[in-house]
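Written below as structure tokens is the structure these notes are about.
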Amino acid sequence: MPVVVQKYGGSSVGTVEKMRKVAEKVAAARRAGKDVCVVVSAMGDTTDDLLSLAKQISPAPARRELDMLLSAGERISMALLSMALNDLGVPAISFTGSQSGIITTDSHSAARILEVRAFRVQEELAKGKVVIVAGYQGVSTRKEVTTLGRGGSDTTAVALAAALGADCEIYSDVAGVFTADPRVVPSAARLEALSYEEMQELAAAGAKVLNAQAVEFAKERGIAIHARSTFGGPEETVVKGGAHPERIAGVAMQKGLALLGFPAARLGDVLAILERHGAVALEIAVPGERAGVALDLENVHDWPVLRAQLAAEVPGLAAEDEAIGAVSVVGTGISAGHRVLRAVTATLAELGARPRALFTSPLRVTAYCDAAVLKDAARRLHEQLVG
């Protein structure tokens, strides 16, 4: 029978009732003649709640112990969904990331998948069972529990799809990928298809539908990703290979960011300190004697401690972390001229906000600015550039 990997995010399994509805959806796919492997995220705000507990215990929790704690959220989801399916008369079994054969690097809180030894998953699928896998986690080559960073359940799903030769369906609370956040830009439209490169840039710029590492993994393995709504209709966005004609794919925004400025000669020191804290830079720029790094604070579990260490060890450090956000425009052909860059800077000027930093790539223009203007900037840029 054909195999499908379905991933359900935290909002899709956030309550017992939602969990039961997901079970019914999975059961329908199984009864339609498919072998089904399901990857689940933690329920609702469970990860944030666990992280809050950790910070009440310690301002700088050990990253190994943090992985042990945070990986529990997905394990709760996997067990509950398996129970729900069994109650529907659909045989199901749940596995942790390590039991599923997800082998990762040793980097706690930001591990990357090295390989998938999905033997147990294949054995249970062959018995006619639905296999439920805890997303976001794996086991290192040193037998340590690791987590894959925010959105890592997407990467788990893509990696399992590659190992099983399966289709990959990512379910969330929106029906695919839109040209902007529909809650912010009512005129945003669903994109029927995106290239891997476009989706990677949108994800890196703050679009929450798919994880950037998952898209990178899908690109390497040639896996098409179908992004759909958990409880919606047949609408979807397909992320796959192939270039699109020159176009603006979307406008994205992020809050909760930090900007670091320091002498360019100390870049190596800064990166080493970030690595020790499991912090990955969003952007790095070395335009001259000063260097700049942007960080997503959602992925930095001990920012006050990290900031204090940077200040102590890096002379000339300047850090901005009060209400910093970024607005980005993503599309093919952006580097062919300055139209998009001019539109971004002009829009921020109209809103009375100066860019704190500007980063460009062949597919993206990003301006870091006051978070208070992000929504207005996204609406205006979408109207000008997307329509």
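Following the order of the structure tokens, first chain is A, next is B, and so on, with residues numbered from 1 inside each chain and ligands from 1 in the order they appear.
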What are the DSSP strand (DSSP E or B) residues of segment 42-270 of chain A, as a ChimeraX atom specification?
/A:92-95,102-104,113-116,130-134,137-140,145-147,167-172,178,190,193-195,225-229,236-240,247-263
Identify, on the basis of only C-alpha atoms, every residue whose closest approach to segment 79-84 of chain A does not exceed 8 Å; exclude the query and any residue fewer than 5 positions from it along the same chain; express the result as an MDAnalysis selection string.
chainID A and resid 19:20 22:23 92:94 132
File dump, residues just selected, N, CA and C atoms, as a PDB file, in the first residue's frame:
```
ATOM      1  N   MET A  19      -7.518  16.516  19.327  1.00  0.00           N
ATOM      2  CA  MET A  19      -6.779  15.266  19.189  1.00  0.00           C
ATOM      3  C   MET A  19      -7.689  14.170  18.619  1.00  0.00           C
ATOM      4  N   ARG A  20      -8.919  14.113  19.098  1.00  0.00           N
ATOM      5  CA  ARG A  20      -9.860  13.108  18.589  1.00  0.00           C
ATOM      6  C   ARG A  20     -10.180  13.350  17.110  1.00  0.00           C
ATOM      7  N   VAL A  22      -8.191  14.762  14.908  1.00  0.00           N
ATOM      8  CA  VAL A  22      -7.011  14.318  14.156  1.00  0.00           C
ATOM      9  C   VAL A  22      -7.023  12.796  14.025  1.00  0.00           C
ATOM     10  N   ALA A  23      -7.385  12.104  15.107  1.00  0.00           N
ATOM     11  CA  ALA A  23      -7.459  10.641  15.058  1.00  0.00           C
ATOM     12  C   ALA A  23      -8.445  10.184  13.992  1.00  0.00           C
ATOM     13  N   ALA A  92      -2.726   1.168  16.514  1.00  0.00           N
ATOM     14  CA  ALA A  92      -1.704   2.214  16.437  1.00  0.00           C
ATOM     15  C   ALA A  92      -0.665   1.976  17.519  1.00  0.00           C
ATOM     16  N   ILE A  93       0.540   2.470  17.279  1.00  0.00           N
ATOM     17  CA  ILE A  93       1.625   2.363  18.248  1.00  0.00           C
ATOM     18  C   ILE A  93       2.423   3.652  18.199  1.00  0.00           C
ATOM     19  N   SER A  94       2.902   4.106  19.353  1.00  0.00           N
ATOM     20  CA  SER A  94       3.662   5.352  19.406  1.00  0.00           C
ATOM     21  C   SER A  94       5.139   5.079  19.643  1.00  0.00           C
ATOM     22  N   ILE A 132       2.736   6.396  15.278  1.00  0.00           N
ATOM     23  CA  ILE A 132       2.760   7.784  15.730  1.00  0.00           C
ATOM     24  C   ILE A 132       4.158   8.084  16.255  1.00  0.00           C
TER      25      ILE A 132
END
```
A:Val209, A:Ala161, A:Ala203, A:Leu51: which is nearest Ser11 of chain A, counting only C-alpha atoms?
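Closest to Ser11 of chain A of all the choices is A:Val209.
Considering only C-alpha atoms, the residue among A:Asp296, A:Glu246, A:Ile284, A:Ala258 positioned nearest to Val330 of chain A is A:Glu246.
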Residues within 12 Å of Ser98 of chain A, please, as a PyMOL selection string. Count only C-alpha atoms; anything in the same chain fewer than 4 positions from it doesn't count.
chain A and resi 71+75+94+102-104+113+115-121+133-147+156
